[in-house]
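Visitor: Have a look at this one before I ask anything.
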2 protein chains.
Amino acid sequence: MKMALVGFGNVGKAVAEVMLEKRELLQKVGFEPTVVAVFERDGSWIDEKGLKLQEILSKGNSSPSWVEGAMAEERIADLDCDLVVEMTVTNIDDGEPGLTHIREALENGKDVVTSNKGPLVLAFPELMDIAEKRDRILLYEATVGGAIPVFHVAREALLVNNIISITGILNGTSNYILTKMTEEKVSFNAALREAQEKGYAEADPTYDIEGIDAASKLVILANGILKMKKIINDVRIEGITRITPEMTELAMEDGYLVKHIGYVDRNRIEIMPRLIPRSSPLAVGGTLNVISLKTDVAQDITLIGRGAGPRETASAVLGDALYINKIRKENK
Amino acid sequence: MKMALVGFGNVGKAVAEVMLEKRELLQKVGFEPTVVAVFERDGSWIDEKGLKLQEILSKGNSSPSWVEGAMAEERIADLDCDLVVEMTVTNIDDGEPGLTHIREALENGKDVVTSNKGPLVLAFPELMDIAEKRDRILLYEATVGGAIPVFHVAREALLVNNIISITGILNGTSNYILTKMTEEKVSFNAALREAQEKGYAEADPTYDIEGIDAASKLVILANGILKMKKIINDVRIEGITRITPEMTELAMEDGYLVKHIGYVDRNRIEIMPRLIPRSSPLAVGGTLNVISLKTDVAQDITLIGRGAGPRETASAVLGDALYINKIRKENK
């Protein structure tokens, strides 16, 4: 399998590192890809015979395979490769450059794995249509819940079930803030500052605290698991900025926690603060994410894990890549 | 695919019912088995051309396909079928009759799915050896955590990870008792009585409250996921009978819950009461089960679900059957 990595920030580097670290284990399961290109913002490393990831990680653009100015959007279409792994930064305004990368890859007969929410939030139905027409696979486990294999479980492990609804905490930053407010009785602003100091929240935390990031993930869950055709504008969104320590304390007294909960079924798609019983599987603290699938035979199946982190994301990205590798080998 | 059901109690009946209920969905994923035999304790329904499950469920042994006295242990070896689903009652003293059923099926070239812990607790390495020698598949998702697809996740979805340890609450009855003691400050005996009244605990609750059932599941997790070769005698077992409401209250005051926790890594395998922070993903209440996999890339991935119930178990059994069906179709 010939493979291209698009985007070489924290996630791209972690994927390369884990591939090196796990070379033996990956060989055992039949995954020995030739990495023919790694695309960065200002150029790329290209070698049809296979790049040395170790050299790229250590030498950066002083490696002999570096081609200044070679951009993914111009190269992907004609690139001789089977799998494109799209890991550029999420942009939910126009999805670029990820949207073009994924479209070009699928249109030109390559399977795609992505960790980038933007293209899916804006164009999930279109991308799935292209994939189907070209008989290609598009997987996106890393876009929701970090390392949590929720799409894999829904697709492969709960086959006999109809999934009725999905409920979850889909953003670690807002969960961290609400957990702090509850446990330490501090204000929203104080908890946010601490999240920023610890690196859990961006300087501009709008997407996290206003529920836009969580809404994006909800859209991907709705389309990917419930086979709906939703975009982010369909989601009823309420952030957590109006939650006060008095609210979290009052909730606690009655055995509840205030959590920022995403919910989707056939009739409703919304992200908003809700009271969750302390003993509920959804009542996870800190930066954890949780996703609960309500099904008709297995009942509720809940998955909890780290919602972010380069290695956690790499676990999901490589899980998808291995899955595609297996399918393509079987069909040869 | 020709299929035989062995055991037609609550689980066997639920599997038949779900197969009927989900016929359309199962056809869509290419699962259209011919059920050639259903074995009961005192006889069986046999028809090489395919039994009507609806008729067996409604007419029982007045169905024309009923053969009084035809026993699974005598028939399985020569039965013309591809998949044997073993669902007789767990017996962890000698594993019978399930152990003979599984051994005979594998030795005679049939794949096996089981919901029966007994044979695996006593003979996991032996059965896996037979399966490997005969190039057959033996799956057992339903034996641990009911509907929770933990073996599937470990085997398929976390492929790039090494799984370092497994921690969990593996018995719904003991979890119900401890939850009651904590929430209502009642004694162990009062909580046990309530569990018995609600049908969560047997008249003889020893296996649940002394940790033997949980230890059995821990052995299956250790062998199935960590590739160890453990039997139940290797497990350090401590029950919950000595827990008092004073202990659970004291724990609560410090933000902890007393839980009956199974744990296994390379050095330790044990089931015992432990203090778990209330905010931990392991702190689930009622009859829920939880299993947490500690991994080296994805970090902790935790799964929560119903640990028992005929339909929940049927979800896991049929998930395994569908998986085998898919593999066998691909290899044709």
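Note on naming: chains are A, B, ... as they come in the structure tokens, residues start from 1 per chain, ligands start from 1 in the order shown.
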With all Cα atoms paired residue by residue, do a least-squares superposition of chain B on chain A and hand back the transformed coordinates as an mmCIF file with C-alpha atoms, in the first residue's frame.
Guide:
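out_36.cif written:
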```
data_model
loop_
_atom_site.group_PDB
_atom_site.id
_atom_site.type_symbol
_atom_site.label_atom_id
_atom_site.label_comp_id
_atom_site.auth_asym_id
_atom_site.auth_seq_id
_atom_site.Cartn_x
_atom_site.Cartn_y
_atom_site.Cartn_z
ATOM 1 C CA MET B 1 0.000 0.004 -0.007
ATOM 2 C CA LYS B 2 1.286 3.435 -0.991
ATOM 3 C CA MET B 3 0.351 6.143 1.441
ATOM 4 C CA ALA B 4 0.502 9.932 1.651
ATOM 5 C CA LEU B 5 0.317 12.011 4.824
ATOM 6 C CA VAL B 6 -1.244 15.428 4.376
ATOM 7 C CA GLY B 7 -0.530 17.793 7.263
ATOM 8 C CA PHE B 8 2.503 17.347 9.477
ATOM 9 C CA GLY B 9 1.595 19.198 12.658
ATOM 10 C CA ASN B 10 1.094 17.515 16.036
ATOM 11 C CA VAL B 11 -1.196 14.809 14.658
ATOM 12 C CA GLY B 12 0.781 14.098 11.490
ATOM 13 C CA LYS B 13 4.002 13.829 13.478
ATOM 14 C CA ALA B 14 2.386 11.551 16.071
ATOM 15 C CA VAL B 15 1.143 9.269 13.277
ATOM 16 C CA ALA B 16 4.679 9.074 11.855
ATOM 17 C CA GLU B 17 6.137 8.443 15.303
ATOM 18 C CA VAL B 18 3.655 5.700 16.166
ATOM 19 C CA MET B 19 4.266 4.069 12.762
ATOM 20 C CA LEU B 20 7.986 3.929 13.537
ATOM 21 C CA GLU B 21 7.496 2.839 17.136
ATOM 22 C CA LYS B 22 5.050 0.083 16.158
ATOM 23 C CA ARG B 23 6.730 -1.114 12.983
ATOM 24 C CA GLU B 24 6.955 -4.718 14.191
ATOM 25 C CA LEU B 25 3.371 -4.919 15.431
ATOM 26 C CA LEU B 26 2.107 -3.308 12.210
ATOM 27 C CA GLN B 27 4.084 -5.781 10.078
ATOM 28 C CA LYS B 28 2.468 -8.632 11.982
ATOM 29 C CA VAL B 29 -0.992 -7.427 10.976
ATOM 30 C CA GLY B 30 0.130 -6.953 7.392
ATOM 31 C CA PHE B 31 0.448 -3.172 7.399
ATOM 32 C CA GLU B 32 3.716 -2.202 5.692
ATOM 33 C CA PRO B 33 2.912 0.921 3.713
ATOM 34 C CA THR B 34 5.323 2.808 1.527
ATOM 35 C CA VAL B 35 4.967 6.476 2.431
ATOM 36 C CA VAL B 36 5.400 8.268 -0.892
ATOM 37 C CA ALA B 37 4.616 11.818 0.227
ATOM 38 C CA VAL B 38 4.278 13.949 3.342
ATOM 39 C CA PHE B 39 2.699 17.335 2.708
ATOM 40 C CA GLU B 40 3.367 20.382 4.853
ATOM 41 C CA ARG B 41 2.030 23.954 4.532
ATOM 42 C CA ASP B 42 4.974 25.269 2.542
ATOM 43 C CA GLY B 43 6.234 22.236 0.699
ATOM 44 C CA SER B 44 6.499 18.481 0.951
ATOM 45 C CA TRP B 45 8.713 15.454 1.158
ATOM 46 C CA ILE B 46 8.227 13.279 -1.911
ATOM 47 C CA ASP B 47 9.852 10.006 -2.933
ATOM 48 C CA GLU B 48 8.075 7.438 -5.062
ATOM 49 C CA LYS B 49 10.329 4.729 -3.690
ATOM 50 C CA GLY B 50 9.358 5.478 -0.118
ATOM 51 C CA LEU B 51 10.296 8.165 2.377
ATOM 52 C CA LYS B 52 12.198 7.556 5.586
ATOM 53 C CA LEU B 53 9.885 8.906 8.300
ATOM 54 C CA GLN B 54 12.709 8.951 10.829
ATOM 55 C CA GLU B 55 14.723 11.265 8.614
ATOM 56 C CA ILE B 56 11.790 13.621 8.024
ATOM 57 C CA LEU B 57 11.119 13.830 11.752
ATOM 58 C CA SER B 58 14.741 14.568 12.604
ATOM 59 C CA LYS B 59 15.922 16.661 9.654
ATOM 60 C CA GLY B 60 12.692 18.439 8.682
ATOM 61 C CA ASN B 61 13.066 20.421 5.471
ATOM 62 C CA SER B 62 16.819 19.893 5.328
ATOM 63 C CA SER B 63 16.056 16.302 4.297
ATOM 64 C CA PRO B 64 17.036 15.641 0.633
ATOM 65 C CA SER B 65 13.469 14.596 -0.210
ATOM 66 C CA TRP B 66 12.081 18.057 0.675
ATOM 67 C CA VAL B 67 10.489 19.907 -2.252
ATOM 68 C CA GLU B 68 9.899 23.555 -1.369
ATOM 69 C CA GLY B 69 6.512 24.835 -2.474
ATOM 70 C CA ALA B 70 5.098 21.459 -3.547
ATOM 71 C CA MET B 71 1.510 21.712 -2.289
ATOM 72 C CA ALA B 72 -0.949 18.913 -1.581
ATOM 73 C CA GLU B 73 -3.834 20.474 -3.505
ATOM 74 C CA GLU B 74 -1.791 20.442 -6.724
ATOM 75 C CA ARG B 75 -0.160 17.071 -6.240
ATOM 76 C CA ILE B 76 -2.747 14.714 -4.780
ATOM 77 C CA ALA B 77 -4.705 14.089 -7.996
ATOM 78 C CA ASP B 78 -1.744 12.660 -9.912
ATOM 79 C CA LEU B 79 0.071 11.100 -6.985
ATOM 80 C CA ASP B 80 0.626 7.368 -7.344
ATOM 81 C CA CYS B 81 -0.796 6.282 -3.995
ATOM 82 C CA ASP B 82 -3.617 4.192 -2.543
ATOM 83 C CA LEU B 83 -4.374 5.964 0.724
ATOM 84 C CA VAL B 84 -4.382 9.661 1.604
ATOM 85 C CA VAL B 85 -4.387 10.536 5.306
ATOM 86 C CA GLU B 86 -5.725 14.071 5.722
ATOM 87 C CA MET B 87 -4.606 15.730 8.969
ATOM 88 C CA THR B 88 -4.571 19.463 8.268
ATOM 89 C CA VAL B 89 -6.116 21.813 10.820
ATOM 90 C CA THR B 90 -9.917 21.885 11.075
ATOM 91 C CA ASN B 91 -11.564 24.866 9.416
ATOM 92 C CA ILE B 92 -15.323 24.835 9.707
ATOM 93 C CA ASP B 93 -15.847 28.034 7.707
ATOM 94 C CA ASP B 94 -15.043 26.630 4.283
ATOM 95 C CA GLY B 95 -13.375 23.309 5.154
ATOM 96 C CA GLU B 96 -10.177 24.225 3.300
ATOM 97 C CA PRO B 97 -7.624 23.057 2.487
ATOM 98 C CA GLY B 98 -8.845 19.673 3.795
ATOM 99 C CA LEU B 99 -11.995 19.625 1.690
ATOM 100 C CA THR B 100 -10.054 19.974 -1.560
ATOM 101 C CA HIS B 101 -7.536 17.351 -0.436
ATOM 102 C CA ILE B 102 -10.237 14.785 0.348
ATOM 103 C CA ARG B 103 -12.282 15.533 -2.771
ATOM 104 C CA GLU B 104 -9.228 15.289 -5.030
ATOM 105 C CA ALA B 105 -8.086 12.076 -3.399
ATOM 106 C CA LEU B 106 -11.461 10.329 -3.688
ATOM 107 C CA GLU B 107 -12.122 11.598 -7.224
ATOM 108 C CA ASN B 108 -8.768 10.159 -8.250
ATOM 109 C CA GLY B 109 -9.324 6.718 -6.847
ATOM 110 C CA LYS B 110 -7.601 6.932 -3.464
ATOM 111 C CA ASP B 111 -9.022 5.822 -0.134
ATOM 112 C CA VAL B 112 -9.036 8.526 2.547
ATOM 113 C CA VAL B 113 -8.627 8.627 6.321
ATOM 114 C CA THR B 114 -9.112 12.000 7.983
ATOM 115 C CA SER B 115 -8.790 13.568 11.414
ATOM 116 C CA ASN B 116 -10.160 16.854 10.062
ATOM 117 C CA LYS B 117 -13.736 17.748 11.038
ATOM 118 C CA GLY B 118 -14.130 20.721 8.683
ATOM 119 C CA PRO B 119 -14.714 18.874 5.395
ATOM 120 C CA LEU B 120 -17.179 16.447 7.032
ATOM 121 C CA VAL B 121 -19.175 19.126 8.831
ATOM 122 C CA LEU B 122 -19.666 21.028 5.593
ATOM 123 C CA ALA B 123 -19.810 18.325 2.931
ATOM 124 C CA PHE B 124 -20.406 14.882 4.450
ATOM 125 C CA PRO B 125 -23.095 13.802 1.943
ATOM 126 C CA GLU B 126 -21.100 15.071 -1.046
ATOM 127 C CA LEU B 127 -17.899 13.319 0.048
ATOM 128 C CA MET B 128 -19.727 10.053 0.757
ATOM 129 C CA ASP B 129 -21.333 10.235 -2.688
ATOM 130 C CA ILE B 130 -17.956 10.647 -4.365
ATOM 131 C CA ALA B 131 -16.526 7.766 -2.302
ATOM 132 C CA GLU B 132 -19.421 5.517 -3.299
ATOM 133 C CA LYS B 133 -19.264 6.419 -6.998
ATOM 134 C CA ARG B 134 -15.523 5.792 -7.113
ATOM 135 C CA ASP B 135 -15.784 2.716 -4.891
ATOM 136 C CA ARG B 136 -13.425 4.260 -2.378
ATOM 137 C CA ILE B 137 -13.464 4.241 1.437
ATOM 138 C CA LEU B 138 -13.566 7.418 3.537
ATOM 139 C CA LEU B 139 -13.027 6.919 7.281
ATOM 140 C CA TYR B 140 -12.915 9.548 10.032
ATOM 141 C CA GLU B 141 -12.681 7.837 13.432
ATOM 142 C CA ALA B 142 -10.301 10.508 14.770
ATOM 143 C CA THR B 143 -12.727 13.377 14.167
ATOM 144 C CA VAL B 144 -14.939 12.502 17.143
ATOM 145 C CA GLY B 145 -13.850 11.530 20.653
ATOM 146 C CA GLY B 146 -10.126 11.222 19.890
ATOM 147 C CA ALA B 147 -9.095 7.635 20.497
ATOM 148 C CA ILE B 148 -12.632 6.345 21.183
ATOM 149 C CA PRO B 149 -13.465 3.837 18.407
ATOM 150 C CA VAL B 150 -17.142 4.772 18.235
ATOM 151 C CA PHE B 151 -17.582 4.572 14.454
ATOM 152 C CA HIS B 152 -15.844 1.221 14.385
ATOM 153 C CA VAL B 153 -18.083 -0.131 17.142
ATOM 154 C CA ALA B 154 -21.254 1.138 15.474
ATOM 155 C CA ARG B 155 -20.212 -0.155 12.038
ATOM 156 C CA GLU B 156 -18.726 -3.521 12.960
ATOM 157 C CA ALA B 157 -19.482 -4.652 16.499
ATOM 158 C CA LEU B 158 -23.164 -3.775 16.928
ATOM 159 C CA LEU B 159 -24.295 -4.966 13.512
ATOM 160 C CA VAL B 160 -27.467 -6.648 14.695
ATOM 161 C CA ASN B 161 -28.613 -3.445 16.421
ATOM 162 C CA ASN B 162 -30.467 -0.417 15.214
ATOM 163 C CA ILE B 163 -28.904 2.635 16.781
ATOM 164 C CA ILE B 164 -31.712 4.849 17.991
ATOM 165 C CA SER B 165 -29.916 7.836 19.458
ATOM 166 C CA ILE B 166 -26.475 9.094 20.436
ATOM 167 C CA THR B 167 -25.699 11.099 23.579
ATOM 168 C CA GLY B 168 -22.311 12.376 24.623
ATOM 169 C CA ILE B 169 -19.797 14.810 25.974
ATOM 170 C CA LEU B 170 -17.833 15.688 22.875
ATOM 171 C CA ASN B 171 -15.512 18.484 23.956
ATOM 172 C CA GLY B 172 -12.825 18.011 26.583
ATOM 173 C CA THR B 173 -12.267 21.722 27.222
ATOM 174 C CA SER B 174 -15.848 22.500 28.189
ATOM 175 C CA ASN B 175 -15.979 19.314 30.267
ATOM 176 C CA TYR B 176 -12.828 20.396 32.087
ATOM 177 C CA ILE B 177 -14.347 23.812 32.827
ATOM 178 C CA LEU B 178 -17.626 22.374 34.136
ATOM 179 C CA THR B 179 -15.758 19.784 36.224
ATOM 180 C CA LYS B 180 -13.598 22.526 37.793
ATOM 181 C CA MET B 181 -16.639 24.704 38.504
ATOM 182 C CA THR B 182 -18.366 21.762 40.204
ATOM 183 C CA GLU B 183 -15.441 20.417 42.182
ATOM 184 C CA GLU B 184 -13.848 23.698 43.243
ATOM 185 C CA LYS B 185 -16.889 25.986 43.206
ATOM 186 C CA VAL B 186 -15.083 28.531 41.024
ATOM 187 C CA SER B 187 -16.608 30.857 38.441
ATOM 188 C CA PHE B 188 -16.806 30.070 34.743
ATOM 189 C CA ASN B 189 -14.107 32.652 33.991
ATOM 190 C CA ALA B 190 -11.726 31.302 36.624
ATOM 191 C CA ALA B 191 -12.184 27.758 35.333
ATOM 192 C CA LEU B 192 -11.660 28.935 31.761
ATOM 193 C CA ARG B 193 -8.441 30.725 32.727
ATOM 194 C CA GLU B 194 -7.145 27.565 34.354
ATOM 195 C CA ALA B 195 -8.020 25.556 31.249
ATOM 196 C CA GLN B 196 -6.073 28.086 29.174
ATOM 197 C CA GLU B 197 -3.082 27.958 31.508
ATOM 198 C CA LYS B 198 -3.026 24.164 31.304
ATOM 199 C CA GLY B 199 -3.218 24.275 27.524
ATOM 200 C CA TYR B 200 -6.675 22.662 27.328
ATOM 201 C CA ALA B 201 -8.294 25.809 25.912
ATOM 202 C CA GLU B 202 -7.200 28.066 23.060
ATOM 203 C CA ALA B 203 -6.564 31.796 23.516
ATOM 204 C CA ASP B 204 -9.892 32.202 21.705
ATOM 205 C CA PRO B 205 -12.004 29.501 23.356
ATOM 206 C CA THR B 206 -15.227 30.322 21.476
ATOM 207 C CA TYR B 207 -15.507 27.055 19.541
ATOM 208 C CA ASP B 208 -15.185 24.982 22.700
ATOM 209 C CA ILE B 209 -17.303 26.950 25.186
ATOM 210 C CA GLU B 210 -20.030 27.939 22.731
ATOM 211 C CA GLY B 211 -20.523 24.338 21.666
ATOM 212 C CA ILE B 212 -19.458 24.749 18.049
ATOM 213 C CA ASP B 213 -16.749 22.100 18.213
ATOM 214 C CA ALA B 214 -19.144 19.675 19.942
ATOM 215 C CA ALA B 215 -21.859 20.481 17.391
ATOM 216 C CA SER B 216 -19.418 19.636 14.580
ATOM 217 C CA LYS B 217 -18.772 16.243 16.121
ATOM 218 C CA LEU B 218 -22.483 15.679 16.618
ATOM 219 C CA VAL B 219 -23.025 16.316 12.902
ATOM 220 C CA ILE B 220 -20.384 13.713 12.047
ATOM 221 C CA LEU B 221 -21.981 11.184 14.436
ATOM 222 C CA ALA B 222 -25.442 11.866 12.980
ATOM 223 C CA ASN B 223 -24.244 11.368 9.411
ATOM 224 C CA GLY B 224 -21.769 8.588 10.070
ATOM 225 C CA ILE B 225 -23.799 6.424 12.440
ATOM 226 C CA LEU B 226 -27.457 7.400 12.048
ATOM 227 C CA LYS B 227 -27.059 7.896 8.263
ATOM 228 C CA MET B 228 -28.691 11.327 8.439
ATOM 229 C CA LYS B 229 -27.780 14.233 6.182
ATOM 230 C CA LYS B 230 -27.111 16.991 8.683
ATOM 231 C CA ILE B 231 -24.933 20.067 8.526
ATOM 232 C CA ILE B 232 -23.857 22.218 11.444
ATOM 233 C CA ASN B 233 -26.646 24.753 10.889
ATOM 234 C CA ASP B 234 -29.174 22.042 11.728
ATOM 235 C CA VAL B 235 -27.858 21.762 15.294
ATOM 236 C CA ARG B 236 -29.552 23.636 18.122
ATOM 237 C CA ILE B 237 -26.543 24.976 20.015
ATOM 238 C CA GLU B 238 -26.303 26.451 23.491
ATOM 239 C CA GLY B 239 -22.913 27.067 25.105
ATOM 240 C CA ILE B 240 -21.827 26.839 28.733
ATOM 241 C CA THR B 241 -20.909 30.489 29.324
ATOM 242 C CA ARG B 242 -24.008 31.222 31.383
ATOM 243 C CA ILE B 243 -23.455 28.368 33.855
ATOM 244 C CA THR B 244 -22.682 29.632 37.370
ATOM 245 C CA PRO B 245 -21.120 27.865 40.377
ATOM 246 C CA GLU B 246 -24.512 28.274 42.090
ATOM 247 C CA MET B 247 -26.104 26.128 39.372
ATOM 248 C CA THR B 248 -23.484 23.401 39.616
ATOM 249 C CA GLU B 249 -23.754 23.386 43.410
ATOM 250 C CA LEU B 250 -27.543 23.210 43.396
ATOM 251 C CA ALA B 251 -27.350 20.318 40.921
ATOM 252 C CA MET B 252 -24.821 18.484 43.118
ATOM 253 C CA GLU B 253 -27.081 18.777 46.149
ATOM 254 C CA ASP B 254 -29.706 16.821 44.240
ATOM 255 C CA GLY B 255 -27.211 14.246 42.959
ATOM 256 C CA TYR B 256 -26.730 15.763 39.499
ATOM 257 C CA LEU B 257 -23.895 17.234 37.492
ATOM 258 C CA VAL B 258 -24.178 20.018 34.929
ATOM 259 C CA LYS B 259 -22.698 18.638 31.705
ATOM 260 C CA HIS B 260 -22.503 19.931 28.140
ATOM 261 C CA ILE B 261 -24.406 17.209 26.354
ATOM 262 C CA GLY B 262 -24.764 16.513 22.662
ATOM 263 C CA TYR B 263 -27.834 14.535 21.621
ATOM 264 C CA VAL B 264 -29.132 13.317 18.292
ATOM 265 C CA ASP B 265 -32.021 11.088 17.240
ATOM 266 C CA ARG B 266 -34.368 11.108 14.213
ATOM 267 C CA ASN B 267 -36.164 14.199 15.508
ATOM 268 C CA ARG B 268 -33.645 16.263 17.429
ATOM 269 C CA ILE B 269 -30.035 17.334 17.141
ATOM 270 C CA GLU B 270 -28.743 19.609 19.899
ATOM 271 C CA ILE B 271 -25.842 20.489 22.155
ATOM 272 C CA MET B 272 -26.645 22.169 25.466
ATOM 273 C CA PRO B 273 -26.040 22.144 29.223
ATOM 274 C CA ARG B 274 -28.046 19.389 30.886
ATOM 275 C CA LEU B 275 -28.385 17.808 34.319
ATOM 276 C CA ILE B 276 -26.932 14.288 34.427
ATOM 277 C CA PRO B 277 -27.293 11.966 37.446
ATOM 278 C CA ARG B 278 -23.932 11.519 39.155
ATOM 279 C CA SER B 279 -24.211 7.757 38.804
ATOM 280 C CA SER B 280 -24.818 7.939 35.036
ATOM 281 C CA PRO B 281 -22.140 6.556 32.694
ATOM 282 C CA LEU B 282 -22.247 10.008 31.062
ATOM 283 C CA ALA B 283 -21.026 11.695 34.250
ATOM 284 C CA VAL B 284 -17.321 11.609 33.383
ATOM 285 C CA GLY B 285 -15.014 14.362 34.616
ATOM 286 C CA GLY B 286 -11.917 16.248 33.548
ATOM 287 C CA THR B 287 -11.148 16.406 29.849
ATOM 288 C CA LEU B 288 -12.643 12.982 29.110
ATOM 289 C CA ASN B 289 -15.123 12.462 26.316
ATOM 290 C CA VAL B 290 -18.013 10.002 26.431
ATOM 291 C CA ILE B 291 -20.340 8.707 23.736
ATOM 292 C CA SER B 292 -23.369 6.549 24.467
ATOM 293 C CA LEU B 293 -25.211 4.630 21.759
ATOM 294 C CA LYS B 294 -28.817 3.724 22.508
ATOM 295 C CA THR B 295 -29.615 0.522 20.632
ATOM 296 C CA ASP B 296 -32.619 -1.766 20.370
ATOM 297 C CA VAL B 297 -30.989 -5.094 21.275
ATOM 298 C CA ALA B 298 -27.805 -4.378 23.243
ATOM 299 C CA GLN B 299 -29.490 -1.415 25.003
ATOM 300 C CA ASP B 300 -27.035 1.381 25.896
ATOM 301 C CA ILE B 301 -23.377 0.912 25.001
ATOM 302 C CA THR B 302 -21.156 3.701 26.320
ATOM 303 C CA LEU B 303 -17.560 4.458 25.358
ATOM 304 C CA ILE B 304 -15.213 6.714 27.310
ATOM 305 C CA GLY B 305 -11.740 7.936 26.416
ATOM 306 C CA ARG B 306 -9.411 10.825 25.774
ATOM 307 C CA GLY B 307 -11.058 13.223 23.377
ATOM 308 C CA ALA B 308 -7.831 14.811 22.204
ATOM 309 C CA GLY B 309 -4.064 14.512 22.143
ATOM 310 C CA PRO B 310 -1.754 13.735 19.208
ATOM 311 C CA ARG B 311 -1.075 10.094 20.102
ATOM 312 C CA GLU B 312 -4.705 9.381 20.942
ATOM 313 C CA THR B 313 -5.681 10.842 17.581
ATOM 314 C CA ALA B 314 -2.924 8.819 15.912
ATOM 315 C CA SER B 315 -4.418 5.648 17.408
ATOM 316 C CA ALA B 316 -7.723 6.387 15.677
ATOM 317 C CA VAL B 317 -6.092 7.458 12.389
ATOM 318 C CA LEU B 318 -3.963 4.329 12.215
ATOM 319 C CA GLY B 319 -6.911 2.143 13.259
ATOM 320 C CA ASP B 320 -8.756 3.422 10.170
ATOM 321 C CA ALA B 321 -5.684 2.970 7.962
ATOM 322 C CA LEU B 322 -5.262 -0.622 9.134
ATOM 323 C CA TYR B 323 -8.933 -1.323 8.496
ATOM 324 C CA ILE B 324 -8.673 -0.050 4.919
ATOM 325 C CA ASN B 325 -5.444 -1.979 4.385
ATOM 326 C CA LYS B 326 -7.209 -5.176 5.474
ATOM 327 C CA ILE B 327 -10.235 -4.624 3.248
ATOM 328 C CA ARG B 328 -8.081 -3.832 0.217
ATOM 329 C CA LYS B 329 -5.925 -6.926 0.769
ATOM 330 C CA GLU B 330 -8.974 -9.161 1.031
ATOM 331 C CA ASN B 331 -10.436 -7.803 -2.176
ATOM 332 C CA LYS B 332 -7.286 -8.354 -4.200
#
```
Visitor: Among stretch 51-89 of chain A, which residues does DSSP mark as strand (DSSP E or B) when it is run on the backbone? Keep the chain and numbering as in the structure and answer as a ChimeraX atom specification.
Guide: /A:66-68,83-86
Visitor: Output C-alpha atoms of each residue in that selection to a file, as a JSON list (two decimals), in the first residue's frame.
Guide:
```
[["chain", "number", "residue", "atom", "x", "y", "z"],
["A", 66, "TRP", "CA", 12.08, 18.06, 0.66],
["A", 67, "VAL", "CA", 10.50, 19.92, -2.26],
["A", 68, "GLU", "CA", 9.91, 23.57, -1.38],
["A", 83, "LEU", "CA", -4.38, 5.96, 0.72],
["A", 84, "VAL", "CA", -4.38, 9.66, 1.59],
["A", 85, "VAL", "CA", -4.38, 10.54, 5.30],
["A", 86, "GLU", "CA", -5.72, 14.08, 5.71]]
```
